[in-house]
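> The following block contains the structure, expressed as C-alpha coordinates.
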Amino acid sequence: MKKLIHIIMLCAGILTSASAQTFTQRIQQKVDGMGTVTIHESDSIDQLVNSATLGNTAAKQATAGNRVTPAAPATANPHATATTTPKPVADDDTEEKDDAPVEITKKMLVGGYKVQGYRVQAFAGGNSRKDRQKAERIGNDIKASFPDEPVYVHFYSPRWICRVGNYRTYEEAHQMLVSLRKMGFTQSTIVKGKITVTD
(Lines give C-alpha, C1' and ligand atoms only; values in the text may rest on other atoms or scores of the structure.)
Protein backbone atom coordinates (compact mmCIF):
# COMPACT_ATOMS: atom_id res chain seq x y z
CA MET A 1 0.00 0.00 0.00
CA LYS A 2 2.89 2.36 0.79
CA LYS A 3 4.34 1.71 -2.66
CA LEU A 4 1.05 2.67 -4.31
CA ILE A 5 0.91 5.93 -2.35
CA HIS A 6 4.54 6.70 -3.27
CA ILE A 7 3.84 6.00 -6.96
CA ILE A 8 0.77 8.24 -6.90
CA MET A 9 2.72 11.03 -5.19
CA LEU A 10 5.59 10.59 -7.64
CA CYS A 11 3.19 10.80 -10.62
CA ALA A 12 1.54 13.90 -9.13
CA GLY A 13 4.95 15.52 -8.68
CA ILE A 14 5.97 14.71 -12.24
CA LEU A 15 2.72 16.10 -13.62
CA THR A 16 3.07 19.25 -11.54
CA SER A 17 6.63 19.85 -12.68
CA ALA A 18 5.76 19.08 -16.31
CA SER A 19 2.88 21.56 -16.28
CA ALA A 20 5.17 24.19 -14.74
CA GLN A 21 7.56 23.95 -17.68
CA THR A 22 7.11 26.38 -20.50
CA PHE A 23 6.80 25.32 -24.11
CA THR A 24 10.32 26.46 -24.93
CA GLN A 25 11.73 24.64 -21.88
CA ARG A 26 10.08 21.39 -22.97
CA ILE A 27 11.44 21.75 -26.50
CA GLN A 28 14.97 22.43 -25.28
CA GLN A 29 15.11 19.36 -22.98
CA LYS A 30 17.96 17.01 -23.67
CA VAL A 31 16.82 13.51 -24.58
CA ASP A 32 19.28 10.67 -25.09
CA GLY A 33 19.59 9.61 -28.72
CA MET A 34 17.95 12.77 -30.06
CA GLY A 35 19.24 16.10 -31.27
CA THR A 36 19.06 19.30 -29.24
CA VAL A 37 17.18 22.50 -29.88
CA THR A 38 18.39 25.94 -28.84
CA ILE A 39 15.96 28.86 -28.94
CA HIS A 40 17.05 32.50 -28.79
CA GLU A 41 14.11 34.88 -28.45
CA SER A 42 13.18 38.21 -26.97
CA ASP A 43 11.17 38.50 -23.76
CA SER A 44 8.04 39.60 -25.61
CA ILE A 45 8.16 36.55 -27.90
CA ASP A 46 8.83 34.29 -24.90
CA GLN A 47 5.77 35.68 -23.13
CA LEU A 48 3.63 35.37 -26.24
CA VAL A 49 4.62 31.75 -26.91
CA ASN A 50 4.69 30.49 -23.35
CA SER A 51 1.63 32.29 -21.98
CA ALA A 52 -0.63 30.31 -24.31
CA THR A 53 0.66 27.00 -22.92
CA LEU A 54 0.74 27.93 -19.24
CA GLY A 55 -2.54 27.81 -17.42
CA ASN A 56 -1.29 29.48 -14.25
CA THR A 57 -2.16 33.05 -13.35
CA ALA A 58 1.46 34.13 -12.97
CA ALA A 59 2.05 33.80 -16.73
CA LYS A 60 -1.20 35.60 -17.50
CA GLN A 61 -0.25 38.42 -15.16
CA ALA A 62 3.23 38.64 -16.70
CA THR A 63 1.79 39.10 -20.17
CA ALA A 64 -1.11 41.35 -19.15
CA GLY A 65 1.12 44.41 -19.02
CA ASN A 66 2.93 43.57 -22.27
CA ARG A 67 0.07 42.39 -24.42
CA VAL A 68 1.12 41.76 -28.02
CA THR A 69 -1.49 42.45 -30.65
CA PRO A 70 -1.07 40.67 -33.97
CA ALA A 71 -0.84 42.77 -37.09
CA ALA A 72 -3.82 42.79 -39.40
CA PRO A 73 -3.34 40.23 -42.17
CA ALA A 74 -2.49 41.63 -45.56
CA THR A 75 -5.25 40.93 -48.03
CA ALA A 76 -4.56 40.46 -51.67
CA ASN A 77 -7.15 42.57 -53.42
CA PRO A 78 -6.96 42.21 -57.18
CA HIS A 79 -9.07 45.34 -57.64
CA ALA A 80 -6.74 47.56 -55.62
CA THR A 81 -4.63 50.22 -57.28
CA ALA A 82 -0.90 49.99 -56.58
CA THR A 83 1.33 52.93 -57.37
CA THR A 84 4.93 53.73 -56.73
CA THR A 85 5.72 57.19 -55.50
CA PRO A 86 7.28 59.32 -58.21
CA LYS A 87 10.66 60.82 -57.48
CA PRO A 88 10.40 64.46 -56.37
CA VAL A 89 11.68 66.99 -58.87
CA ALA A 90 14.86 68.77 -57.82
CA ASP A 91 15.04 72.55 -57.93
CA ASP A 92 18.38 72.55 -59.75
CA ASP A 93 18.98 71.38 -63.29
CA THR A 94 20.64 68.06 -62.40
CA GLU A 95 19.73 65.08 -64.50
CA GLU A 96 17.79 62.21 -62.98
CA LYS A 97 19.41 58.81 -62.75
CA ASP A 98 18.38 56.18 -65.27
CA ASP A 99 17.33 53.81 -62.49
CA ALA A 100 14.85 56.25 -60.94
CA PRO A 101 11.48 54.63 -60.18
CA VAL A 102 8.86 55.05 -62.83
CA GLU A 103 5.29 55.68 -61.79
CA ILE A 104 3.35 52.51 -62.46
CA THR A 105 -0.35 52.10 -61.96
CA LYS A 106 -2.02 48.70 -62.08
CA LYS A 107 -5.79 48.75 -62.42
CA MET A 108 -8.43 46.24 -63.21
CA LEU A 109 -10.25 47.39 -66.32
CA VAL A 110 -13.77 48.44 -65.44
CA GLY A 111 -16.16 46.43 -67.56
CA GLY A 112 -13.25 44.33 -68.85
CA TYR A 113 -13.64 40.71 -69.83
CA LYS A 114 -11.35 37.91 -70.98
CA VAL A 115 -11.01 36.80 -74.61
CA GLN A 116 -8.42 34.90 -76.63
CA GLY A 117 -5.70 37.20 -77.89
CA TYR A 118 -1.98 37.91 -77.87
CA ARG A 119 0.69 39.39 -75.64
CA VAL A 120 4.37 39.98 -76.28
CA GLN A 121 6.67 38.19 -73.85
CA ALA A 122 9.74 40.36 -73.30
CA PHE A 123 11.40 38.22 -70.62
CA ALA A 124 11.22 34.67 -69.28
CA GLY A 125 13.68 33.81 -66.53
CA GLY A 126 13.98 31.32 -63.73
CA ASN A 127 12.48 31.30 -60.27
CA SER A 128 15.20 33.14 -58.35
CA ARG A 129 15.06 36.56 -56.71
CA LYS A 130 17.50 37.84 -59.33
CA ASP A 131 15.12 36.75 -62.11
CA ARG A 132 12.22 38.48 -60.37
CA GLN A 133 14.20 41.71 -60.09
CA LYS A 134 15.22 41.46 -63.74
CA ALA A 135 11.60 40.91 -64.82
CA GLU A 136 10.46 43.92 -62.79
CA ARG A 137 13.29 46.07 -64.16
CA ILE A 138 12.40 45.11 -67.74
CA GLY A 139 8.74 45.83 -66.99
CA ASN A 140 9.65 49.29 -65.68
CA ASP A 141 11.79 50.01 -68.75
CA ILE A 142 8.98 49.01 -71.10
CA LYS A 143 6.40 50.99 -69.11
CA ALA A 144 8.64 54.06 -69.31
CA SER A 145 8.85 53.72 -73.10
CA PHE A 146 5.21 52.73 -73.65
CA PRO A 147 3.17 54.28 -70.82
CA ASP A 148 -0.19 53.44 -72.43
CA GLU A 149 0.56 49.72 -72.78
CA PRO A 150 -0.27 47.34 -69.92
CA VAL A 151 2.80 45.50 -68.62
CA TYR A 152 2.43 42.23 -66.68
CA VAL A 153 5.17 40.83 -64.46
CA HIS A 154 4.05 37.50 -63.01
CA PHE A 155 5.38 34.23 -61.71
CA TYR A 156 4.11 31.40 -63.88
CA SER A 157 5.66 28.30 -62.41
CA PRO A 158 8.56 27.67 -62.79
CA ARG A 159 9.65 31.10 -64.05
CA TRP A 160 9.26 34.88 -63.80
CA ILE A 161 7.94 36.46 -66.96
CA CYS A 162 7.26 39.94 -68.27
CA ARG A 163 4.54 40.34 -70.91
CA VAL A 164 3.20 43.42 -72.64
CA GLY A 165 -0.17 44.36 -74.07
CA ASN A 166 -3.65 43.03 -74.73
CA TYR A 167 -3.79 42.52 -78.50
CA ARG A 168 -6.72 40.97 -80.31
CA THR A 169 -4.82 40.41 -83.54
CA TYR A 170 -1.42 38.94 -84.30
CA GLU A 171 -0.54 42.01 -86.37
CA GLU A 172 -0.96 44.40 -83.40
CA ALA A 173 1.22 42.13 -81.26
CA HIS A 174 3.82 41.95 -84.04
CA GLN A 175 4.13 45.75 -84.08
CA MET A 176 4.95 45.72 -80.37
CA LEU A 177 7.35 42.81 -80.90
CA VAL A 178 9.31 44.86 -83.44
CA SER A 179 9.40 47.84 -81.06
CA LEU A 180 10.66 45.71 -78.17
CA ARG A 181 13.36 44.11 -80.30
CA LYS A 182 14.53 47.60 -81.30
CA MET A 183 14.81 48.40 -77.57
CA GLY A 184 17.20 45.46 -77.22
CA PHE A 185 14.87 42.69 -76.05
CA THR A 186 15.90 40.33 -78.83
CA GLN A 187 14.40 37.24 -77.18
CA SER A 188 10.88 38.72 -77.24
CA THR A 189 8.14 36.47 -78.60
CA ILE A 190 4.41 36.59 -79.20
CA VAL A 191 2.31 34.36 -76.96
CA LYS A 192 -1.33 33.43 -77.40
CA GLY A 193 -3.63 33.34 -74.40
CA LYS A 194 -6.39 35.06 -72.46
CA ILE A 195 -6.29 38.86 -72.53
CA THR A 196 -8.43 41.49 -70.83
CA VAL A 197 -10.34 43.86 -73.11
CA THR A 198 -13.10 46.45 -72.84
CA ASP A 199 -15.64 47.26 -75.51
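In the C-alpha coordinates, the first chain shown is A, the next is B, and so on; residue numbers restart at 1 for each chain, and ligands run from 1 in the order shown.
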Write out as a list in words which residues come within 12 Å of stretch 178-180 of chain A when counting only C-alpha atoms, dropping same-chain ones fewer than 3 positions away.

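The residues satisfying every condition are Val120, Gln121, Ala122, Phe123, Ile138, Gly139, Asp141, Ile142, Lys143, Ser145, Phe146, Cys162, Arg163, Val164, Gly165, Glu171, Glu172, Ala173, His174, Gln175, Met183, Gly184, Phe185, Thr186, Gln187, Ser188, Thr189 and Ile190 of chain A.
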
> Mind checking which residues fall within 6 Å of stretch 196-199 of chain A, counting only C-alpha atoms, ignoring those fewer than 3 positions away in the same chain, and posting them as a PyMOL selection string?

chain A and resi 112-114

> Take the residues from that selection and put them in a file with N, CA, C and O atoms, as a PDB file, in the first residue's frame.


ATOM      1  N   GLY A 112     -14.117  45.179 -68.029  1.00  0.00           N
ATOM      2  CA  GLY A 112     -13.253  44.334 -68.845  1.00  0.00           C
ATOM      3  C   GLY A 112     -13.661  42.877 -68.770  1.00  0.00           C
ATOM      4  O   GLY A 112     -14.265  42.426 -67.810  1.00  0.00           O
ATOM      5  N   TYR A 113     -13.358  42.140 -69.810  1.00  0.00           N
ATOM      6  CA  TYR A 113     -13.638  40.712 -69.835  1.00  0.00           C
ATOM      7  C   TYR A 113     -12.519  40.008 -70.589  1.00  0.00           C
ATOM      8  O   TYR A 113     -11.749  40.623 -71.307  1.00  0.00           O
ATOM      9  N   LYS A 114     -12.443  38.700 -70.412  1.00  0.00           N
ATOM     10  CA  LYS A 114     -11.352  37.908 -70.984  1.00  0.00           C
ATOM     11  C   LYS A 114     -11.768  37.329 -72.332  1.00  0.00           C
ATOM     12  O   LYS A 114     -12.883  36.832 -72.487  1.00  0.00           O
TER      13      LYS A 114
END

> Which polymer residues have any atom within 12 Å of an atom of stretch 128-131 of chain A, counting only C-alpha atoms, with same-chain residues fewer than 3 positions away left out, as a VMD selection string?

chain A and resid 123 to 125 134 to 138 153 to 155 157 to 162

> Only all heavy atoms, please: the residues just picked out, written as a CSV table (one decimal), in the first residue's frame.


chain,number,residue,atom,x,y,z
A,123,PHE,N,10.4,38.9,-71.5
A,123,PHE,CA,11.4,38.2,-70.6
A,123,PHE,C,10.8,37.0,-70.0
A,123,PHE,O,9.6,37.0,-69.6
A,123,PHE,CB,11.8,39.1,-69.5
A,123,PHE,CG,12.7,38.5,-68.5
A,123,PHE,CD1,14.1,38.2,-68.7
A,123,PHE,CD2,12.2,38.1,-67.2
A,123,PHE,CE1,14.9,37.6,-67.8
A,123,PHE,CE2,13.0,37.5,-66.3
A,123,PHE,CZ,14.4,37.3,-66.6
A,124,ALA,N,11.6,35.9,-70.0
A,124,ALA,CA,11.2,34.7,-69.3
A,124,ALA,C,12.5,34.2,-68.6
A,124,ALA,O,13.4,33.8,-69.3
A,124,ALA,CB,10.7,33.6,-70.2
A,125,GLY,N,12.5,34.2,-67.3
A,125,GLY,CA,13.7,33.8,-66.5
A,125,GLY,C,13.4,32.6,-65.7
A,125,GLY,O,12.6,31.7,-66.1
A,134,LYS,N,15.0,41.2,-62.3
A,134,LYS,CA,15.2,41.5,-63.7
A,134,LYS,C,13.9,41.6,-64.5
A,134,LYS,O,13.7,42.6,-65.3
A,134,LYS,CB,16.0,40.3,-64.4
A,134,LYS,CG,16.5,40.6,-65.8
A,134,LYS,CD,17.4,39.6,-66.3
A,134,LYS,CE,17.9,40.0,-67.7
A,134,LYS,NZ,18.8,39.0,-68.3
A,135,ALA,N,12.9,40.8,-64.2
A,135,ALA,CA,11.6,40.9,-64.8
A,135,ALA,C,10.9,42.2,-64.5
A,135,ALA,O,10.4,42.9,-65.3
A,135,ALA,CB,10.7,39.7,-64.4
A,136,GLU,N,11.0,42.6,-63.2
A,136,GLU,CA,10.5,43.9,-62.8
A,136,GLU,C,11.2,45.1,-63.4
A,136,GLU,O,10.6,46.1,-63.8
A,136,GLU,CB,10.5,44.0,-61.3
A,136,GLU,CG,9.5,43.1,-60.6
A,136,GLU,CD,9.6,43.1,-59.1
A,136,GLU,OE1,10.6,43.6,-58.5
A,136,GLU,OE2,8.7,42.5,-58.4
A,137,ARG,N,12.5,45.0,-63.5
A,137,ARG,CA,13.3,46.1,-64.2
A,137,ARG,C,12.9,46.2,-65.6
A,137,ARG,O,12.7,47.3,-66.2
A,137,ARG,CB,14.8,45.8,-64.0
A,137,ARG,CG,15.6,47.0,-64.5
A,137,ARG,CD,17.1,46.7,-64.4
A,137,ARG,NE,17.5,45.8,-65.4
A,137,ARG,CZ,18.0,44.6,-65.2
A,137,ARG,NH1,18.2,44.1,-64.0
A,137,ARG,NH2,18.3,43.8,-66.2
A,138,ILE,N,12.8,45.1,-66.3
A,138,ILE,CA,12.4,45.1,-67.7
A,138,ILE,C,11.0,45.7,-67.9
A,138,ILE,O,10.7,46.5,-68.8
A,138,ILE,CB,12.5,43.7,-68.4
A,138,ILE,CG1,14.0,43.3,-68.5
A,138,ILE,CG2,11.8,43.6,-69.7
A,138,ILE,CD1,14.2,41.9,-68.9
A,153,VAL,N,4.0,41.6,-65.0
A,153,VAL,CA,5.2,40.8,-64.5
A,153,VAL,C,4.6,39.8,-63.5
A,153,VAL,O,4.0,40.2,-62.5
A,153,VAL,CB,6.2,41.7,-63.7
A,153,VAL,CG1,7.3,40.9,-63.1
A,153,VAL,CG2,6.8,42.8,-64.7
A,154,HIS,N,4.7,38.6,-63.8
A,154,HIS,CA,4.0,37.5,-63.0
A,154,HIS,C,5.0,36.3,-62.9
A,154,HIS,O,5.9,36.2,-63.6
A,154,HIS,CB,2.8,37.0,-63.7
A,154,HIS,CG,1.7,38.0,-63.7
A,154,HIS,ND1,1.0,38.4,-62.6
A,154,HIS,CD2,1.1,38.6,-64.8
A,154,HIS,CE1,0.0,39.2,-63.0
A,154,HIS,NE2,0.1,39.4,-64.3
A,155,PHE,N,4.7,35.5,-61.9
A,155,PHE,CA,5.4,34.2,-61.7
A,155,PHE,C,4.5,33.1,-62.2
A,155,PHE,O,3.4,32.8,-61.6
A,155,PHE,CB,5.7,34.0,-60.2
A,155,PHE,CG,6.5,32.7,-60.0
A,155,PHE,CD1,7.8,32.6,-60.4
A,155,PHE,CD2,5.9,31.6,-59.5
A,155,PHE,CE1,8.5,31.4,-60.2
A,155,PHE,CE2,6.5,30.4,-59.4
A,155,PHE,CZ,7.9,30.3,-59.7
A,157,SER,N,4.7,29.4,-62.8
A,157,SER,CA,5.7,28.3,-62.4
A,157,SER,C,6.2,27.6,-63.6
A,157,SER,O,5.5,27.3,-64.5
A,157,SER,CB,4.9,27.3,-61.5
A,157,SER,OG,5.8,26.3,-61.0
A,158,PRO,N,7.5,27.4,-63.8
A,158,PRO,CA,8.6,27.7,-62.8
A,158,PRO,C,9.4,28.9,-63.1
A,158,PRO,O,10.5,29.0,-62.7
A,158,PRO,CB,9.4,26.4,-63.0
A,158,PRO,CG,9.4,26.2,-64.5
A,158,PRO,CD,8.0,26.6,-64.9
A,159,ARG,N,8.8,30.0,-63.7
A,159,ARG,CA,9.6,31.1,-64.0
A,159,ARG,C,8.9,32.4,-63.9
A,159,ARG,O,7.7,32.5,-63.9
A,159,ARG,CB,10.1,30.9,-65.5
A,159,ARG,CG,9.0,31.0,-66.5
A,159,ARG,CD,9.5,30.6,-67.9
A,159,ARG,NE,9.7,29.2,-68.0
A,159,ARG,CZ,10.9,28.6,-68.2
A,159,ARG,NH1,12.0,29.4,-68.5
A,159,ARG,NH2,11.1,27.3,-68.3
A,160,TRP,N,9.7,33.5,-63.8
A,160,TRP,CA,9.3,34.9,-63.8
A,160,TRP,C,9.2,35.3,-65.2
A,160,TRP,O,10.1,35.1,-66.0
A,160,TRP,CB,10.2,35.8,-63.0
A,160,TRP,CG,10.0,35.7,-61.5
A,160,TRP,CD1,10.6,34.9,-60.7
A,160,TRP,CD2,9.0,36.3,-60.8
A,160,TRP,NE1,10.1,35.0,-59.4
A,160,TRP,CE2,9.1,35.9,-59.4
A,160,TRP,CE3,7.9,37.2,-61.1
A,160,TRP,CZ2,8.3,36.4,-58.4
A,160,TRP,CZ3,7.1,37.7,-60.1
A,160,TRP,CH2,7.3,37.3,-58.8
A,161,ILE,N,8.1,36.0,-65.6
A,161,ILE,CA,7.9,36.5,-67.0
A,161,ILE,C,7.5,37.9,-67.0
A,161,ILE,O,6.9,38.4,-66.0
A,161,ILE,CB,7.0,35.6,-67.8
A,161,ILE,CG1,5.6,35.7,-67.2
A,161,ILE,CG2,7.4,34.2,-67.9
A,161,ILE,CD1,4.5,35.2,-68.2
A,162,CYS,N,7.7,38.6,-68.1
A,162,CYS,CA,7.3,39.9,-68.3
A,162,CYS,C,6.6,40.0,-69.6
A,162,CYS,O,7.2,39.6,-70.6
A,162,CYS,CB,8.4,40.9,-68.2
A,162,CYS,SG,7.9,42.6,-68.6

> Using DSSP on the backbone coordinates, identify the residues of stretch 111-152 of chain A assigned to alpha helix (DSSP H); present them as a PyMOL selection string.

chain A and resi 129-145

> I'd like the interatomic distance between atom CA of A:Ile27 and atom CA of A:Leu10, to a tenth of an Å.

22.7 Å

> Need the shell around A:Tyr118: protein/DNA/RNA residues with any atom at most 6 Å away, counting only C-alpha atoms. Skip same-chain ones fewer than 3 positions apart. Format as a PyMOL selection string?

chain A and resi 167+191-193
